[in-house]
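What follows is one structure encoded as structure tokens, with my remarks underneath.
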Amino acid sequence: MPAGRLLARAVTVPFAAGAAALVIAVVIAVVLTVVQLRPAAEAAEALTAMPVGASEGGEPAMLETEGAPAAEQDADPSGGPTADGAAGGGELLVHVVGEVSLPGVVELPAGSRVADAIEAAGGASDAAVLSAVNLARVLVDGEQLLVPNAEQIAAGAGAAGGAGAAAGAPSAVGSAAGGVAGGLVDLNAADAATLETLPRVGPALAQRIIDWREANGGFASVEQLMEVSGIGAKTFEGLAGQVTV
């Protein structure tokens with residue numbers, strides 16, 4: 001074989017083999033690329049088909065707005081403020097009559113006392129006998145409060161016992177159940193509501209006073225109050241000047 005043909009053959013064969021190897025490498029690379037990209041493409045297609053706002057598990061996704069306060073979910077279900085005097089407080093109306101500068105209906109915060117009502121009515125007049133009024137008593141909505149003068153006290157006038165008084169409203173002075181002229185409470189005649197107008201006497205203690213009275217045939221002296229369960233020296237000191245037998 002001529003030398004020129006042998007040389008051409010020696011060059012052509014390696015070139016052809018290299019080209020074939022290159023083609024095979026390219027095909028393999030393409031196949032691997034397709035295999036790797038297919039899961040990603042399928043995932044992208046699934047996400048594209050998923051409804052807006054749905055999560056992978058098929059449940060609605062929670063969208064969070066940046067800066068939105070999380071406390072909104074813990075808001076008070078009652079929808080109202082909880083501060084004292086707001087949703088749980090309110091106002092009360094009291095009709096103040098007698099020896100005050102401006103008799104009439106006054107509006108006060110819940111929990112106000114007799115002294116607050118007198119002040120709201122312009123204050124007591126010179127003829128008022130404030131010693132006959134329990135200034136520390138908590139007011140009841142709708143009650144009538146009488147600030148008496150000496151003549152009314154002598155006649156045994158009631159602060160809340162007359163017409164127009166709120167049903168069940170305790171008396172400041174006078175002839176309500178168990179009350180006597182001068183504002184003293186009769187331990188042997190007072191009912192539970194009247195006893196509760198006394199300082200430090202709540203429903204439970206008022207009932208114990210009545211129970212002791214019935215079990216012992218009445219009080220012979222004010223000092224016997226100390227025999228009632230729950231009345232110690234300090235409580236008795238606050239009651240002694242406001243009760244009688």
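By convention here, the chains of the structure tokens are called A, B, ... in the order presented, each chain's residues are numbered starting at 1, and ligands are numbered starting at 1 in the order presented.
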Considering only C-alpha atoms, return as a VMD selection string whatever protein or nucleic-acid residues lie within 9 Å of range 98-113 of chain A, sequence-local ones (same chain, fewer than 2 positions apart) excluded. chain A and resid 85 89 to 96 115 to 129 135 to 141 144 to 149
Would you put the residues from that selection into a file with C-alpha atoms, as a short mmCIF file (atom, residue, chain, number, x, y, z; two decimals), in the first residue's frame?
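Generated file (part_2.cif):
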```cif
data_model
loop_
_atom_site.label_atom_id
_atom_site.label_comp_id
_atom_site.auth_asym_id
_atom_site.auth_seq_id
_atom_site.Cartn_x
_atom_site.Cartn_y
_atom_site.Cartn_z
CA GLY A 85 -64.90 51.35 85.86
CA GLY A 89 -68.12 49.36 86.36
CA GLY A 90 -70.64 51.84 84.91
CA GLU A 91 -72.59 54.67 86.49
CA LEU A 92 -75.36 54.94 89.06
CA LEU A 93 -78.06 57.54 89.66
CA VAL A 94 -78.96 58.71 93.16
CA HIS A 95 -81.72 61.14 94.18
CA VAL A 96 -80.27 63.40 96.88
CA ALA A 115 -70.23 61.33 101.03
CA ASP A 116 -69.68 61.44 97.25
CA ALA A 117 -73.39 61.93 96.57
CA ILE A 118 -73.63 64.79 99.07
CA GLU A 119 -70.63 66.48 97.50
CA ALA A 120 -72.12 66.03 94.00
CA ALA A 121 -75.30 67.72 95.26
CA GLY A 122 -73.38 70.85 96.21
CA GLY A 123 -72.48 69.82 99.75
CA ALA A 124 -74.47 69.78 102.97
CA SER A 125 -76.25 72.88 104.21
CA ASP A 126 -75.65 74.45 107.62
CA ALA A 127 -78.77 72.74 108.96
CA ALA A 128 -77.66 69.24 107.94
CA VAL A 129 -76.97 66.72 110.71
CA LEU A 135 -71.12 58.79 105.00
CA ALA A 136 -69.08 55.67 104.25
CA ARG A 137 -72.00 53.56 102.98
CA VAL A 138 -71.76 52.35 99.38
CA LEU A 139 -74.61 53.72 97.27
CA VAL A 140 -77.19 51.68 95.36
CA ASP A 141 -78.33 52.67 91.88
CA GLN A 144 -83.09 58.22 97.37
CA LEU A 145 -80.70 59.71 99.91
CA LEU A 146 -82.04 62.05 102.58
CA VAL A 147 -79.65 64.37 104.38
CA PRO A 148 -81.74 65.25 107.46
CA ASN A 149 -81.93 68.24 109.74
#
```
Could you list, as a PyMOL selection string, every residue within 9 Å of range 199-210 of chain A, counting only C-alpha atoms and ignoring same-chain residues fewer than 5 positions away? chain A and resi 134+136-137+187-188+190-194+215+218+225+228-231+235+238-239
Give the answer as one residue: which of A:Val30, A:Ala189, A:Val97, A:Leu195 has the shortest atom-to-atom distance to Glu214 in chain A, using only C-alpha atoms?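 Counting only C-alpha atoms, the residue closest to Glu214 in chain A is A:Ala189.
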